[in-house]
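Single-structure report; data block below.
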Amino acid sequence: MVEKITVGHVHMSGCTGCLVSFADNYEGLFKILDNYADLVYALTLVDVRHIPEMDVALVEGSVCLQDKCSVEEIKEAREKAKIVVALGGCAAYGNITRFCRGGQWNQPQMESYVPIADLIDVDLYIPGCAPTPQQIRNVCIMAYLLLKGTDEQKELAGAYLKPLMDLAQRGDEACGCDLMYDVINQGLCMGCGSCAAACPVRAVTIEYGKPNIDRDMCIKCGACYAQCPRSFFNFDVMNEFEGISELIKGVME
Amino acid sequence: MVLGNYKSVVAARSADNEILKGAQDGGIVTQLFAYALEEGIIDGAIVAGPSEEPWKPEPVIATTKAELLAARGTKYTLSPNISLLKEATRSYGLDKIGIVGTPCQMQAVRKAQLYPVGMRDVPDKIALAVGIFCMENFPYQSLEAIVEDHCNVKLESVKKLDIGKGKFWAYTERGAVTQIPLKVTHKYEQPGCHVCLDYVSNLADISTGSVGAPDGWSTVFVRTKNGEDTWGKAIAAGCFETKPIEEVKPGLDLVKKLATDKITKNQKTLEARATFGVGKGLRNPYI
Ligand SMILES: Cc1cc2nc3c(=O)[nH]c(=O)nc-3n(C[C@H](O)[C@H](O)[C@H](O)COP(=O)(O)OP(=O)(O)OC[C@H]3O[C@@H](n4cnc5c(N)ncnc54)[C@H](O)[C@@H]3O)c2cc1C
Ligand code: SF4
Ligand code: SF4
Ligand code: SF4
């Protein structure tokens, strides 16, 4: 067996939906854990109290500024992990926690929640609420190939991961308006409807062939923008879709 | 990559007269889905069905041949077929999805598979992606302007619309035929089409269009293993009549020419966008 990578799940202020989504790979999750990745840190799943050294930290949830422990933990995660992944809308963009104003039991004074990139450098984003099991799986496989693969596999994994790394560079605010600013206002929308399909809260509908965004419904998960073929579309990767799909299938078998 | 990766290319048409009757060209799309549905290769297909407004397509999930027949023919205006991709696995419970779309929509399908950011459980459920050739598309109001203002025909009286031989054609229910030069229609095109770098649905499993084949026939590219499998079975089942592409007029050279023209023109647009303002550019979605 080839050497495994080490992965940790770091839980900030999130609903555990991202972790459930990871687990929703079912036998695929066991495949990943058996062959490719050792889970070295995860609430309830791994009996380790302090954040250890690891290759990849999957961070779920935003950081509560009034929670000293969370603030320290996110900084520690950055120091101890080679790659920090914002797993899901809350870690990447604040998501629904952006709307918090405090007053919840049993810590009413906790009111400010920020995406992790407000406090640390983040390497890669997996947007969405919840992020999909398949997207998490693909990133896990590519992270493994990037760290442990042959030169050719490293190159492929790098090309695959680049747009998700670019998302981390792009900024830590997202909402349906990004379709407006970066796609429609730029004369790029071609009316495919991917954004409407991607939105978990059905804030995007298609009217006369173009997206219409109900901004009151948007929870700022960033899925619509990331799913849009005109936000990023890397021909090098996409033209190889058949081979990459087979590779992923092969790795998971 | 002008014509994309493909395993084979032929001229073909459906062997089913009922399908051919209302089909745009050789009835390839409808025939393929009808066969795949019957054989259980797909549980249903996302197609551009009719809506309340004339010639304004509404994406629908067809699970019967009758629904496929109702969606035959080309609507030269945006049909956001991908908007139903996730819904097909939810409300309709499809495990094997068929989908038809323009080249950009095939790009959306493959992005949904490789980067399924908001497409939970979708990647493994695309059973047959059929792409159609596409030079450009029109917003609905553009189509209205072209047909009603330029062709002088009410949209509700139109039986068939077609683009070919450098012209835009409108055929009415009562037998009138109007044609206008394509150059009149250019200004009505959807802006997003001007950065599109695919003419023949390079990323589909099977892609088809009228160009290259004689009237009533289609050019068909079989592109993936999956496409090859379905196409082979459909041929064996006698679904299609075929002719070698080398033996038909105008043939593959015309397809290659039009594809090259589109890509060259749009590549120029992309380059021009980079310096659109003074010291400022517009986004290039491909980098
Ligand atoms: C906007 C547009 C531009 C085109 N440009 C060209 C071209 O330049 N050269 C060329 O050779 N062919 C072009 N085509 C393709 C061609 O018009 C036919 O769609 C194709 O040959 C399939 O014909 P058929 O008889 O096999 O399919 P049919 O059996 O008639 O079925 C057609 C299928 O396409 C679906 N469909 C119709 N309109 C749309 C739409 N707007 N978006 C998504 N799906 C739709 C229908 O629901 C149906 O399932 C274009 C099509 C469109 C929609
Ligand atoms: S996904 Fe992008 S290109 Fe497609 S309809 Fe939405 S904004 Fe337009
Ligand atoms: S519109 Fe929907 S998909 Fe887009 S950011 Fe808002 S909630 Fe997410
Ligand atoms: S020209 Fe390109 S972007 Fe426009 S509808 Fe056709 S395939 Fe889509």
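A note on labels: chains of the structure tokens are A, B, ... as shown, every chain counts residues from 1, and ligands are counted from 1 in their shown order.
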*For chain A, list the residues within 9 Å of chain B, counting only C-alpha atoms, and write the list as a PyMOL selection string.*
chain A and resi 126-136+138+160+182-184+186-200+205-206+208-210+222-224+226-235+237-239+241-242+244-245
Can you build me a table of range 20-40 of chain A residues sitting at most 12 Å from range 57-65 of chain A, with the closest atom pair per residue and its distance in Å to one decimal, using only C-alpha atoms, sorted by chain and residue number, as CSV?
residue,atom,partner,partner_atom,distance
A:Val20,CA,A:Glu60,CA,10.9
A:Ser21,CA,A:Glu60,CA,11.2
A:Phe22,CA,A:Leu58,CA,10.3
A:Ala37,CA,A:Ala57,CA,11.8
A:Asp38,CA,A:Ala57,CA,11.8
A:Leu39,CA,A:Ala57,CA,10.0
A:Val40,CA,A:Ala57,CA,9.7
Output C-alpha atoms of each residue in that selection to a file, as an mmCIF file, in the first residue's frame.
data_model
loop_
_atom_site.group_PDB
_atom_site.id
_atom_site.type_symbol
_atom_site.label_atom_id
_atom_site.label_comp_id
_atom_site.auth_asym_id
_atom_site.auth_seq_id
_atom_site.Cartn_x
_atom_site.Cartn_y
_atom_site.Cartn_z
ATOM 1 C CA VAL A 20 -22.358 14.412 7.185
ATOM 2 C CA SER A 21 -21.847 15.126 3.505
ATOM 3 C CA PHE A 22 -18.330 13.688 3.682
ATOM 4 C CA ALA A 37 -6.103 9.044 4.046
ATOM 5 C CA ASP A 38 -5.724 8.645 7.775
ATOM 6 C CA LEU A 39 -8.252 10.673 9.688
ATOM 7 C CA VAL A 40 -6.109 12.134 12.453
#
_Nearest-residue call for ligand 3, choices A:Glu76, A:Glu111, A:Glu27, A:Asp172, using only C-alpha atoms and all ligand atoms_ =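 Closest residue, counting only C-alpha atoms and all ligand atoms: A:Asp172.
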*One-decimal distance in Å that lies between CA of Ala204 in chain B and CA of Leu68 in chain B*: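 About the pair CA of Leu68 in chain B and CA of Ala204 in chain B: they are 19.1 Å apart.
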*Give the helix (DSSP H, G or I) residues of range 51-168 of chain B, as assigned by DSSP on the backbone, as a ChimeraX atom specification.*
/B:65-70,81-90,103-114,123-125,140-150,155-157
Per-residue nearest contacts chain B to ligand 1, cut-off 8 Å, using only C-alpha atoms and all ligand atoms, as CSV:
residue,atom,partner,partner_atom_place_in_ligand_line,distance
B:Arg13,CA,ligand 1,26 (O),7.7
B:Ile19,CA,ligand 1,29 (O),6.8
B:Leu20,CA,ligand 1,25 (O),7.2
B:Gly22,CA,ligand 1,30 (O),6.7
B:Ala23,CA,ligand 1,30 (O),3.4
B:Gln24,CA,ligand 1,30 (O),3.8
B:Asp25,CA,ligand 1,25 (O),3.4
B:Gly26,CA,ligand 1,25 (O),4.3
B:Gly27,CA,ligand 1,25 (O),3.3
B:Ile28,CA,ligand 1,26 (O),3.5
B:Val29,CA,ligand 1,26 (O),4.4
B:Thr30,CA,ligand 1,29 (O),3.9
B:Gln31,CA,ligand 1,29 (O),6.5
B:Ile46,CA,ligand 1,49 (O),7.8
B:Val47,CA,ligand 1,47 (O),4.1
B:Ala48,CA,ligand 1,47 (O),3.4
B:Gly49,CA,ligand 1,47 (O),5.4
B:Pro57,CA,ligand 1,41 (N),6.9
B:Pro59,CA,ligand 1,47 (O),7.7
B:Leu68,CA,ligand 1,49 (O),6.5
B:Leu69,CA,ligand 1,29 (O),7.7
B:Ala71,CA,ligand 1,47 (O),4.3
B:Arg72,CA,ligand 1,30 (O),4.1
B:Gly73,CA,ligand 1,30 (O),3.6
B:Thr74,CA,ligand 1,37 (C),3.9
B:Lys75,CA,ligand 1,38 (N),3.9
B:Tyr76,CA,ligand 1,1 (C),4.2
B:Thr77,CA,ligand 1,41 (N),4.9
B:Leu78,CA,ligand 1,41 (N),5.0
B:Ser79,CA,ligand 1,42 (N),4.6
B:Pro80,CA,ligand 1,42 (N),7.0
B:Asn81,CA,ligand 1,43 (C),6.3
B:Val100,CA,ligand 1,44 (N),5.5
B:Gly101,CA,ligand 1,43 (C),4.2
B:Thr102,CA,ligand 1,43 (C),5.6
B:Gln105,CA,ligand 1,43 (C),7.9
B:Ile132,CA,ligand 1,15 (C),4.8
B:Phe133,CA,ligand 1,13 (C),4.3
B:Cys134,CA,ligand 1,5 (N),3.4
B:Met135,CA,ligand 1,8 (O),4.1
B:Glu136,CA,ligand 1,3 (C),5.5
B:Asn137,CA,ligand 1,1 (C),4.2
B:Phe138,CA,ligand 1,1 (C),7.0
B:Asp162,CA,ligand 1,17 (O),6.9
B:Ile163,CA,ligand 1,8 (O),7.1
B:Gly164,CA,ligand 1,9 (N),7.7
B:Tyr199,CA,ligand 1,8 (O),7.3
B:Val200,CA,ligand 1,10 (C),8.0
B:Thr208,CA,ligand 1,21 (O),5.4
B:Gly209,CA,ligand 1,21 (O),3.3
B:Ser210,CA,ligand 1,11 (O),3.6
B:Val211,CA,ligand 1,11 (O),3.7
B:Gly212,CA,ligand 1,11 (O),7.2
B:Gly216,CA,ligand 1,25 (O),7.9
B:Trp217,CA,ligand 1,25 (O),7.9
B:Ser218,CA,ligand 1,21 (O),6.0
B:Thr219,CA,ligand 1,11 (O),7.6
B:Val255,CA,ligand 1,11 (O),7.8
_Measuring between only C-alpha atoms and all ligand atoms, which one of A:Gly158, A:Gly176, A:Pro108, A:Gly8 shows the shortest distance to ligand 3?_
A:Gly176
_Quick check, in Å to one decimal: how far apart do CA of Met217 in chain A and CA of Val71 in chain A lie?_
29.2 Å
*asked:* Please determine, counting only C-alpha atoms and all ligand atoms, which residue among A:Asp216, A:Asp121, A:Glu246, A:Asp67 has the shortest atom-to-atom distance to ligand 3.
replied: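 Result for the nearest residue to ligand 3: A:Asp216.
You will find CA of Asn212 in chain A at 16.0 Å from CA of Ala174 in chain A.
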